[in-house]
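This is input-v6.txt. It holds compact mmCIF, C-alpha atoms.
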# COMPACT_ATOMS: atom_id res chain seq x y z
CA MET A 136 1.09 -64.23 19.54
CA ILE A 137 -1.80 -62.19 18.20
CA LYS A 138 -2.73 -61.21 21.75
CA ILE A 139 0.80 -59.99 22.39
CA ILE A 140 0.79 -57.90 19.19
CA ARG A 141 -2.59 -56.41 20.13
CA MET A 142 -1.29 -55.56 23.62
CA LEU A 143 1.82 -53.91 22.18
CA PHE A 144 -0.23 -51.91 19.69
CA LEU A 145 -2.68 -50.79 22.40
CA SER A 146 0.16 -49.82 24.71
CA ALA A 147 1.86 -47.83 21.97
CA SER A 148 -1.40 -46.07 21.16
CA LEU A 149 -1.94 -45.13 24.80
CA VAL A 150 1.60 -43.81 25.08
CA TYR A 151 1.09 -41.75 21.90
CA VAL A 152 -2.27 -40.34 23.06
CA GLY A 153 -0.80 -39.62 26.49
CA ALA A 154 2.08 -37.76 24.94
CA TRP A 155 -0.26 -35.77 22.68
CA ALA A 156 -2.50 -34.90 25.60
CA GLN A 157 0.44 -33.56 27.58
CA ASP A 158 1.10 -30.70 25.17
CA PRO A 159 -0.36 -27.66 26.91
CA VAL A 160 -2.82 -25.76 24.71
CA TYR A 161 -3.81 -22.11 25.19
CA GLN A 162 -6.59 -20.07 23.68
CA VAL A 163 -5.79 -16.41 23.06
CA GLY A 164 -8.57 -13.95 22.26
CA VAL A 165 -7.40 -11.06 20.07
CA ASP A 166 -9.26 -7.82 19.42
CA GLY A 167 -8.67 -5.94 16.18
CA LEU A 168 -8.00 -8.98 14.02
CA ALA A 169 -10.10 -8.39 10.92
CA CYS A 170 -8.23 -9.50 7.79
CA PRO A 171 -6.14 -12.47 6.65
CA PHE A 172 -3.08 -10.32 5.95
CA CYS A 173 -3.03 -9.23 9.60
CA ALA A 174 -3.05 -12.81 10.93
CA TYR A 175 0.49 -13.45 9.70
CA GLY A 176 1.94 -10.88 12.09
CA ILE A 177 0.33 -12.29 15.20
CA GLU A 178 1.31 -15.86 14.34
CA LYS A 179 4.88 -14.76 13.72
CA GLN A 180 5.07 -12.93 17.05
CA LEU A 181 3.63 -15.87 19.01
CA GLN A 182 5.86 -18.40 17.28
CA LYS A 183 8.87 -16.48 18.52
CA LEU A 184 7.99 -17.34 22.13
CA ASP A 185 9.98 -20.09 23.80
CA GLY A 186 8.33 -23.50 23.71
CA VAL A 187 5.62 -22.70 21.19
CA LYS A 188 4.97 -25.74 19.02
CA SER A 189 2.24 -24.45 16.74
CA VAL A 190 -0.11 -21.49 16.29
CA GLU A 191 -3.52 -21.67 14.64
CA THR A 192 -5.65 -18.59 13.99
CA ASP A 193 -9.41 -18.50 13.64
CA ILE A 194 -10.02 -15.09 12.16
CA ALA A 195 -13.83 -15.23 12.36
CA LYS A 196 -13.70 -15.75 16.12
CA GLY A 197 -10.69 -13.52 16.73
CA ARG A 198 -9.02 -16.44 18.42
CA VAL A 199 -5.53 -17.92 18.30
CA VAL A 200 -4.82 -21.42 19.65
CA VAL A 201 -1.24 -21.92 20.80
CA THR A 202 0.09 -25.44 21.37
CA MET A 203 3.22 -25.71 23.49
CA ASP A 204 5.97 -28.27 23.56
CA ASP A 205 5.57 -30.88 26.25
CA GLY A 206 6.05 -29.36 29.68
CA LYS A 207 6.34 -25.78 28.46
CA VAL A 208 4.16 -23.04 29.90
CA LEU A 209 2.87 -19.94 28.12
CA ASP A 210 3.03 -16.78 30.23
CA ARG A 211 0.25 -14.25 29.87
CA PRO A 212 2.54 -11.16 30.00
CA LEU A 213 4.62 -12.55 27.13
CA VAL A 214 1.49 -13.26 25.11
CA GLU A 215 0.15 -9.79 25.82
CA GLN A 216 3.40 -8.25 24.56
CA ALA A 217 3.44 -10.48 21.48
CA VAL A 218 -0.13 -9.49 20.61
CA LYS A 219 0.76 -5.83 21.12
CA ASN A 220 3.86 -6.16 18.92
CA ALA A 221 1.64 -7.53 16.19
CA GLY A 222 -0.50 -4.41 16.47
CA PHE A 223 -3.52 -5.87 18.28
CA THR A 224 -5.07 -6.04 21.74
CA LEU A 225 -5.26 -9.09 24.00
CA ARG A 226 -8.88 -9.84 24.89
CA SER A 227 -8.61 -13.14 26.76
CA PHE A 228 -6.11 -15.80 27.71
CA GLU A 229 -6.79 -19.28 29.05
CA GLN A 230 -5.34 -22.75 29.06
CA ILE A 231 -7.60 -25.35 27.50
CA GLU A 232 -7.48 -29.13 27.29
CA GLU A 233 -7.51 -29.23 23.53
CA PRO A 234 -8.26 -26.83 20.71
CA ALA A 235 -11.90 -25.89 20.81
CA GLN A 236 -13.81 -26.81 17.64
CA MET B 145 -14.39 18.82 -18.03
CA ARG B 146 -11.88 21.49 -18.74
CA HIS B 147 -12.47 24.88 -17.23
CA ARG B 148 -9.62 27.16 -16.57
CA ARG B 149 -7.87 26.53 -19.85
CA GLN B 150 -6.47 29.87 -20.92
CA ARG B 151 -3.73 29.76 -23.49
CA PHE B 152 -0.93 27.69 -24.82
CA HIS B 153 2.66 28.70 -24.39
CA GLY B 154 5.70 27.46 -26.18
CA LYS B 155 6.08 24.16 -27.92
CA GLY B 156 4.56 22.05 -25.27
CA TRP B 157 7.76 20.38 -24.18
CA ILE B 158 7.05 21.15 -20.59
CA VAL B 159 3.29 21.04 -20.55
CA THR B 160 1.97 17.55 -20.13
CA GLY B 161 -0.36 16.72 -17.30
CA LEU B 162 -0.71 16.18 -13.62
CA LEU B 163 0.92 13.09 -12.19
CA ILE B 164 3.71 13.06 -14.72
CA ALA B 165 6.59 14.24 -12.60
CA ALA B 166 5.79 12.35 -9.45
CA PRO B 167 2.94 10.21 -10.59
CA PHE B 168 3.46 7.27 -8.35
CA LEU B 169 4.36 8.72 -5.03
CA SER B 170 0.91 8.35 -3.67
CA PHE B 171 1.73 7.09 -0.24
CA THR B 172 -1.54 5.54 0.64
CA ALA B 173 -0.76 1.77 1.03
CA MET B 174 -1.59 -0.55 4.08
CA GLY B 175 -3.94 -3.47 4.50
CA ALA B 176 -6.23 -2.68 1.73
CA PRO B 177 -6.04 0.45 -0.39
CA ILE B 178 -4.47 -0.07 -3.79
CA THR B 179 -3.59 3.47 -4.79
CA PHE B 180 -1.85 4.40 -1.57
CA ASN B 181 0.70 2.80 0.73
CA THR B 182 0.42 4.58 4.03
CA ALA B 183 -2.20 2.17 5.37
CA LEU B 184 -0.07 -0.99 4.95
CA PRO B 185 -0.14 -3.02 8.18
CA VAL B 186 3.25 -4.06 9.52
CA ALA B 187 3.91 -5.79 12.84
CA LYS B 188 7.06 -5.29 14.90
CA ASP B 189 10.18 -6.78 13.25
CA GLU B 190 8.12 -7.64 10.18
CA PHE B 191 8.74 -6.64 6.57
CA VAL B 192 6.16 -6.05 3.89
CA PHE B 193 7.17 -5.79 0.26
CA ARG B 194 4.86 -4.43 -2.40
CA GLN B 195 5.60 -4.44 -6.10
CA GLN B 196 3.34 -2.30 -8.23
CA LEU B 197 3.12 -1.98 -11.99
CA ARG B 198 1.32 1.11 -13.26
CA TRP B 199 0.46 2.40 -16.67
CA LEU B 200 -0.73 5.96 -17.18
CA SER B 201 -2.03 7.55 -20.34
CA SER B 202 -2.66 11.24 -21.03
CA GLY B 203 -3.93 12.89 -24.17
CA ASP B 204 -6.82 14.99 -25.51
CA ASP B 205 -4.36 17.71 -26.39
CA PRO B 206 -6.01 21.16 -26.72
CA SER B 207 -2.90 22.71 -28.27
CA GLY B 208 -3.31 21.17 -31.73
CA MET B 209 0.03 19.37 -31.41
CA SER B 210 -1.59 15.97 -30.88
CA ARG B 211 0.45 15.25 -27.80
CA ASP B 212 0.05 11.88 -26.12
CA MET B 213 1.99 10.82 -23.09
CA SER B 214 2.26 7.40 -21.56
CA VAL B 215 4.15 6.30 -18.49
CA PHE B 216 4.91 2.77 -17.40
CA ALA B 217 6.16 2.50 -13.86
CA SER B 218 7.45 -0.28 -11.68
CA ILE B 219 7.22 0.81 -8.05
CA SER B 220 8.88 -1.17 -5.28
CA VAL B 221 7.78 -0.52 -1.71
CA LEU B 222 9.46 -1.99 1.37
CA GLY B 223 8.02 -1.47 4.83
CA TYR B 224 9.41 -2.46 8.25
CA GLY B 225 7.70 -2.45 11.61
CA VAL B 226 9.98 -0.79 14.18
CA ASN B 227 7.41 -1.43 16.89
CA SER B 228 3.65 -1.78 17.14
CA LYS B 229 3.09 1.91 16.37
CA LEU B 230 6.02 2.99 14.22
CA ALA B 231 6.69 1.70 10.72
CA VAL B 232 9.15 2.96 8.12
CA PHE B 233 8.84 2.64 4.36
CA GLY B 234 10.97 3.08 1.29
CA VAL B 235 9.57 3.58 -2.22
CA LEU B 236 11.68 3.29 -5.37
CA PRO B 237 10.07 3.89 -8.76
CA TRP B 238 11.42 2.95 -12.17
CA MET B 239 9.69 4.70 -15.04
CA ASP B 240 9.51 4.54 -18.80
CA LYS B 241 8.00 7.74 -20.22
CA THR B 242 7.05 8.45 -23.80
CA LEU B 243 5.78 11.73 -25.29
CA GLU B 244 4.47 11.73 -28.84
CA MET B 245 3.50 14.89 -30.66
CA THR B 246 3.35 16.64 -33.99
CA ASP B 247 5.77 19.52 -34.40
CA GLY B 248 4.76 21.30 -37.57
CA SER B 249 4.44 18.53 -40.14
CA ALA B 250 6.72 16.04 -38.43
CA ASP B 251 5.84 13.47 -35.84
CA VAL B 252 8.15 13.62 -32.86
CA GLU B 253 8.69 11.07 -30.13
CA ARG B 254 10.71 11.66 -27.01
CA ASP B 255 11.19 9.03 -24.38
CA ASN B 256 13.18 8.29 -21.29
CA ARG B 257 13.51 5.54 -18.77
CA GLY B 258 15.31 5.13 -15.50
CA LEU B 259 15.13 5.09 -11.71
CA GLY B 260 13.11 7.88 -10.20
CA ASP B 261 13.43 9.66 -6.88
CA LEU B 262 13.64 7.40 -3.85
CA ALA B 263 11.09 8.21 -1.16
CA GLY B 264 11.31 7.34 2.51
CA PHE B 265 8.67 7.95 5.12
CA ALA B 266 7.63 6.97 8.62
CA ARG B 267 4.14 6.32 9.95
CA TYR B 268 3.18 6.56 13.59
CA THR B 269 -0.16 5.31 14.90
CA VAL B 270 -1.54 7.87 17.30
CA TRP B 271 -4.92 6.31 18.04
CA GLN B 272 -6.06 2.72 17.97
CA GLU B 273 -9.34 1.16 19.07
CA ASP B 274 -9.63 -2.62 18.83
CA ALA B 275 -12.75 -4.74 19.30
CA PRO B 276 -13.65 -8.30 18.30
CA GLY B 277 -13.42 -8.49 14.52
CA ARG B 278 -12.83 -4.78 13.99
CA THR B 279 -10.29 -2.04 14.46
CA PHE B 280 -9.85 1.70 13.98
CA ARG B 281 -6.45 3.24 13.40
CA LEU B 282 -5.37 6.85 12.98
CA ALA B 283 -1.82 7.59 12.00
CA GLY B 284 0.34 10.47 10.89
CA PHE B 285 3.12 10.10 8.37
CA GLY B 286 5.90 12.18 6.92
CA GLY B 287 8.93 11.75 4.75
CA VAL B 288 11.14 13.02 1.97
CA THR B 289 11.95 12.19 -1.60
CA VAL B 290 15.63 11.93 -2.40
CA PRO B 291 16.88 13.13 -5.81
CA THR B 292 18.15 9.75 -6.97
CA GLY B 293 16.59 10.13 -10.40
CA ASP B 294 18.39 12.02 -13.17
CA ASP B 295 16.97 15.45 -13.93
CA ASP B 296 19.30 16.54 -16.73
CA LYS B 297 18.92 13.93 -19.45
CA SER B 298 18.89 14.96 -23.11
CA ASP B 299 17.98 13.47 -26.47
CA HIS B 300 18.61 14.52 -30.07
CA LEU B 301 16.30 17.51 -29.59
CA GLY B 302 18.11 18.81 -26.54
CA GLN B 303 17.45 18.54 -22.83
CA LEU B 304 14.29 16.67 -21.93
CA PRO B 305 11.54 18.68 -20.24
CA PRO B 306 11.08 18.16 -16.48
CA SER B 307 8.01 16.00 -17.04
CA LEU B 308 10.10 13.49 -19.00
CA GLN B 309 13.04 13.41 -16.60
CA ASP B 310 13.46 10.54 -14.15
CA GLY B 311 13.63 12.71 -11.05
CA THR B 312 12.99 16.20 -9.78
CA GLY B 313 16.58 17.02 -8.90
CA THR B 314 15.75 18.09 -5.40
CA TRP B 315 14.62 16.95 -1.97
CA ASN B 316 10.87 17.22 -1.43
CA GLY B 317 8.96 16.81 1.80
CA PHE B 318 5.53 15.34 2.30
CA GLY B 319 3.22 14.38 5.12
CA GLY B 320 -0.34 13.66 6.07
CA VAL B 321 -2.78 11.59 8.04
CA VAL B 322 -4.29 8.20 7.29
CA ALA B 323 -7.24 6.51 8.99
CA THR B 324 -8.48 2.94 8.73
CA TRP B 325 -11.77 1.38 9.87
CA GLN B 326 -11.64 -2.34 9.32
CA THR B 327 -14.15 -5.09 10.05
CA LEU B 328 -14.34 -8.70 8.93
CA ASP B 329 -16.80 -7.68 6.20
CA TYR B 330 -15.32 -4.44 4.88
CA GLU B 331 -12.61 -1.84 5.29
CA ILE B 332 -12.62 1.92 4.77
CA ASP B 333 -9.42 3.95 4.51
CA GLY B 334 -8.89 7.64 4.08
CA GLN B 335 -5.72 9.60 3.49
CA LEU B 336 -5.03 13.31 3.30
CA SER B 337 -1.55 14.30 2.23
CA TYR B 338 0.49 17.28 1.13
CA ARG B 339 3.73 17.33 -0.78
CA GLU B 340 5.98 20.33 -1.19
CA ASN B 341 7.90 20.30 -4.46
CA ARG B 342 11.05 22.37 -4.35
CA ALA B 343 12.98 23.96 -7.17
CA ALA B 344 15.98 22.54 -8.99
CA ASN B 345 17.70 24.20 -11.95
CA GLY B 346 15.10 26.98 -11.92
CA PHE B 347 12.11 24.66 -12.13
CA ALA B 348 9.68 23.38 -9.51
CA PHE B 349 6.57 21.28 -9.94
CA GLY B 350 3.51 22.64 -8.17
CA ASP B 351 2.83 21.43 -4.66
CA GLU B 352 0.36 18.55 -4.39
CA THR B 353 -2.60 18.00 -2.09
CA ARG B 354 -4.30 14.63 -2.20
CA LEU B 355 -7.39 13.09 -0.67
CA ASP B 356 -7.81 9.36 -1.15
CA LEU B 357 -10.73 7.27 0.05
CA SER B 358 -10.85 3.51 -0.28
CA TRP B 359 -13.65 1.06 0.42
CA GLN B 360 -13.05 -2.68 0.29
CA GLN B 361 -15.98 -5.05 0.57
CA ARG B 362 -15.49 -8.78 1.12
CA LEU B 363 -17.14 -10.61 -1.76
CA TRP B 364 -15.89 -14.10 -1.00
CA PRO B 365 -16.21 -16.16 1.09
CA ARG B 366 -19.77 -15.08 1.78
CA GLU B 367 -19.69 -16.85 5.14
CA LEU B 368 -16.49 -17.12 7.13
CA SER B 369 -15.24 -20.58 7.99
CA SER B 370 -12.66 -21.44 10.63
CA GLY B 371 -8.99 -20.76 10.13
CA VAL B 372 -7.70 -17.98 7.90
CA PRO B 373 -9.37 -18.26 4.49
CA GLY B 374 -8.33 -16.02 1.62
CA PHE B 375 -10.59 -13.00 1.11
CA LEU B 376 -11.67 -11.62 -2.25
CA TYR B 377 -12.47 -7.92 -1.90
CA GLY B 378 -14.23 -5.64 -4.30
CA VAL B 379 -12.49 -2.26 -4.12
CA LEU B 380 -13.80 1.20 -4.89
CA GLU B 381 -11.57 4.21 -4.43
CA LEU B 382 -12.05 7.92 -4.89
CA ASN B 383 -8.85 9.86 -5.48
CA TRP B 384 -8.59 13.62 -5.64
CA LEU B 385 -5.43 15.49 -6.56
CA HIS B 386 -4.86 19.22 -6.54
CA GLN B 387 -1.58 20.43 -7.93
CA GLY B 388 -0.43 24.03 -7.84
CA LYS B 389 1.18 25.70 -10.82
CA ASN B 390 4.74 24.86 -11.72
CA HIS B 391 7.36 27.54 -11.25
CA ILE B 392 9.86 28.42 -13.94
CA ASN B 393 12.55 30.77 -12.71
CA GLY B 394 10.19 31.92 -9.99
CA GLN B 395 7.26 32.56 -12.33
CA ASP B 396 4.02 30.59 -12.42
CA ASP B 397 3.56 28.42 -15.49
CA PRO B 398 -0.02 29.08 -16.67
CA ASP B 399 -0.10 25.70 -18.43
CA SER B 400 0.22 23.68 -15.28
CA GLY B 401 -1.67 22.69 -12.17
CA GLY B 402 -5.31 21.95 -11.53
CA ASP B 403 -7.56 19.27 -10.10
CA ILE B 404 -8.39 15.70 -11.05
CA LEU B 405 -10.92 13.41 -9.43
CA TRP B 406 -10.72 9.69 -10.19
CA LEU B 407 -13.20 6.92 -9.51
CA SER B 408 -11.28 3.70 -9.20
CA PRO B 409 -12.81 0.21 -9.13
CA GLY B 410 -10.64 -2.82 -8.45
CA LEU B 411 -10.29 -6.30 -7.07
CA GLN B 412 -8.06 -7.63 -4.34
CA TYR B 413 -7.31 -11.18 -3.17
CA VAL B 414 -5.85 -11.29 0.33
CA THR B 415 -4.27 -14.28 2.05
CA LYS B 416 -2.33 -14.54 5.29
CA ARG B 417 1.00 -14.06 3.56
CA TRP B 418 0.39 -12.34 0.23
CA VAL B 419 -1.98 -10.08 -1.67
CA VAL B 420 -2.63 -9.61 -5.39
CA GLU B 421 -4.69 -6.68 -6.61
CA ALA B 422 -5.61 -4.65 -9.65
CA LEU B 423 -7.38 -1.33 -10.07
CA VAL B 424 -8.36 1.06 -12.86
CA GLN B 425 -8.44 4.81 -12.19
CA LYS B 426 -10.73 6.70 -14.52
CA PRO B 427 -11.03 10.48 -14.21
CA ILE B 428 -14.57 11.69 -13.56
CA SER B 429 -13.62 15.35 -13.30
CA GLN B 430 -10.62 17.30 -14.57
CA ASN B 431 -10.17 20.99 -14.01
CA LEU B 432 -6.81 21.78 -15.55
CA ASN B 433 -4.99 25.00 -16.30
CA GLY B 434 -3.93 26.13 -19.74
CA ALA B 435 -2.91 23.57 -22.33
CA MET B 436 -2.34 20.61 -20.04
CA LEU B 437 -2.99 17.11 -21.25
CA GLU B 438 -5.92 15.37 -19.65
CA ASN B 439 -5.40 12.11 -17.87
CA GLU B 440 -7.16 9.26 -19.65
CA VAL B 441 -6.60 6.27 -17.42
CA ILE B 442 -4.27 4.76 -14.84
CA VAL B 443 -4.07 0.99 -14.48
CA THR B 444 -2.41 -0.51 -11.41
CA THR B 445 -1.52 -4.10 -10.60
CA SER B 446 0.21 -5.02 -7.40
CA PHE B 447 1.64 -7.89 -5.41
CA ARG B 448 2.40 -7.84 -1.69
CA ILE B 449 4.15 -10.28 0.60
CA LYS B 450 5.06 -10.28 4.28
CA PHE B 451 8.15 -11.82 5.73
Rewrite the coordinates I just gave you, this time as structure tokens.
Amino acid sequence: MIKIIRMLFLSASLVYVGAWAQDPVYQVGVDGLACPFCAYGIEKQLQKLDGVKSVETDIAKGRVVVTMDDGKVLDRPLVEQAVKNAGFTLRSFEQIEEPAQ
Amino acid sequence: MRHRRQRFHGKGWIVTGLLIAAPFLSFTAMGAPITFNTALPVAKDEFVFRQQLRWLSSGDDPSGMSRDMSVFASISVLGYGVNSKLAVFGVLPWMDKTLEMTDGSADVERDNRGLGDLAGFARYTVWQEDAPGRTFRLAGFGGVTVPTGDDDKSDHLGQLPPSLQDGTGTWNGFGGVVATWQTLDYEIDGQLSYRENRAANGFAFGDETRLDLSWQQRLWPRELSSGVPGFLYGVLELNWLHQGKNHINGQDDPDSGGDILWLSPGLQYVTKRWVVEALVQKPISQNLNGAMLENEVIVTTSFRIKF
């Protein structure tokens, strides 16, 4: 019985990790980002995009990590426009496995 | 310092000091400056609301009438980002003005409170250079003040002088340029503006030219961590105002106009969503005409939020 419970728990954990790993994550480099008050605008613009699950800004590195809903893709032109709407300039755009630490 | 003081005319009902009629329409406000609003950053489809409370005191009366004037103002500013380059702003002041003086042997107090003139302006960014952790912006702005404030109020002594009225009674235009250099460690803003004050009921305040410089230095955190930490800035501003002489029925009022230079230290705490700030403006040079009251101090507190 204990073995069965362990197997079920392990299987559930693998399913959970698999599901988490499937969320596409993108790293967006932003030029011009230099104060906390400015970060709100870029997060708001990126969160408007279809399929965006979460947005995390690292102001010191001028970097925004965008996590998408499962199966959703982030298009560079849309990101470029969103960054421009926020009043900044897109420096780089790449898909990453997980948010860089 | 008082240089061009020449003579005192009348009973001093009109003569008060610079910044009394339109004391709070200093449009230098963006990401960091406290005394001006034109530098406020706004993204497309984003609103920024700023609520300022200001207290101004003028005195040191050379006329012998012991005049003291104080103004408390609540100034509401709403900005909206039309697109990445164009933002529009509205500014609505509410003011409570009090003038105390001695008229002969009697002490006299005249006061007034109410909504002032609504101001609307647009800012367009003409040049922008972005780099990692820094940006430079140059923008032009222009707008008008709308005569929403009363300009014909009276008390038991008769009609209040223009400096005690809520509004100017006329439409006034203004414009200028504002530049911002911002890095993760500090920000420098500069604004040059001009405001034309037109006549209403035979009276016009002198036109105003302003130069405002603001330097904000990050004091905390000393080292940046990941994410978006709140920043504590030390603020130092230099504000110069030149106002021409008022016009009464087309004639220059010799007891009006001049120059004031303020040095203004302050503090500012900035987060991703909101900002709180406070600043004290202390005149370091005043070159006023005639029997004008000297400015003693201006204290500003402010709260900002984006949505």
Select from chain B every residue with an atom at most 6 Å from any atom of chain A, then for each give the shortest pair of atoms and their distance in Å to one decimal, using all atoms listed in the file, rows by chain and rising number, as CSV.
residue,atom,partner,partner_atom,distance
B:Ala187,CA,A:Ala221,CA,4.4
B:Lys188,CA,A:Asn220,CA,5.2
B:Ser228,CA,A:Asn220,CA,4.7
B:Asp274,CA,A:Gly167,CA,4.4
B:Ala275,CA,A:Asp166,CA,4.7
B:Pro276,CA,A:Asp166,CA,4.6
B:Gly277,CA,A:Ala169,CA,4.9
B:Arg278,CA,A:Gly167,CA,4.8
B:Thr279,CA,A:Gly167,CA,4.6
B:Thr327,CA,A:Ala169,CA,5.3
B:Leu328,CA,A:Ala169,CA,4.7
B:Ser370,CA,A:Asp193,CA,5.3
B:Gly371,CA,A:Asp193,CA,4.2
B:Val372,CA,A:Ile194,CA,5.6
B:Thr415,CA,A:Pro171,CA,5.3
B:Lys416,CA,A:Phe172,CA,4.3
Please list as a list in words every residue within 8 Å of Gln230 of chain A, counting all atoms listed in the file and excluding residues in the same chain fewer than 5 positions away.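 Once the adjacent positions are removed, what remains is Pro159, Val160, Tyr161 and Gln162 of chain A.
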The residue from A:Ile231, A:Val163, A:Gln182, A:Asp158 with the smallest atom-to-atom distance to Arg211 of chain A, counting all atoms listed in the file, is A:Val163
Excluding Ala323 of chain B and residues on its chain fewer than 6 positions from it, collect all residues at most 7 Å away from it, counting only C-alpha atoms, and give them as a list in words.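 In the requested format, the answer is Arg281, Leu282, Ala283, Asp333, Gly334 and Gln335 of chain B.
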So how far away is atom CA of Glu273 of chain B from atom CA of Phe228 of chain A, in Å?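 Straight-line distance from atom CA of Phe228 of chain A to atom CA of Glu273 of chain B works out to 19.3 Å.
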10 Å contact set for Glu331 of chain B, only C-alpha atoms, chain neighbours under 3 positions out, as a list in words: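 Here the qualifying residues turn out to be Ala169 and Cys170 of chain A; Gly175, Ala176, Pro177, Arg278, Thr279, Phe280, Thr324, Trp325, Gln326, Thr327, Leu328, Ser358, Trp359, Gln360, Gln361, Arg362, Tyr377 and Val379 of chain B.
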Would you mind reading off the distance between atom CA of Ala348 of chain B and atom CA of Pro305 of chain B, one decimal, in Å?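 Those two atoms sit 11.9 Å apart.
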What does the distance between atom CA of Met239 of chain B and atom CA of Tyr268 of chain B come to in Å, to one decimal place?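 Distance reported for this atom pair: 29.4 Å.
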With distances taken over all atoms listed in the file, the candidate from B:Ala266, B:Ile404, B:Ala250, B:Leu376 nearest Gly388 of chain B is B:Ile404
Quick one: everything within 9 Å of segment 443-445 of chain B, counting all atoms listed in the file, minus sequence neighbours fewer than 2 positions away in the same chain. Send it as a list in words.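 Answer for this query is Ile178, Thr179, Gln195, Gln196, Leu197, Arg198, Trp199, Leu200, Val420, Glu421, Ala422, Leu423, Val424, Gln425, Lys426, Val441 and Phe447 of chain B.
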Which residue is closest to Asn433 of chain B? Choose from B:Glu367, B:Ser220, B:Phe451, B:Pro206 and count only C-alpha atoms. B:Pro206
Using all atoms listed in the file, determine which residues lie at most 12 Å from Gly264 of chain B, disregarding the query and same-chain residues fewer than 5 positions distant; provide the list as a ChimeraX atom specification. /B:169,171,181-182,220-224,231-237,285-292,315-319
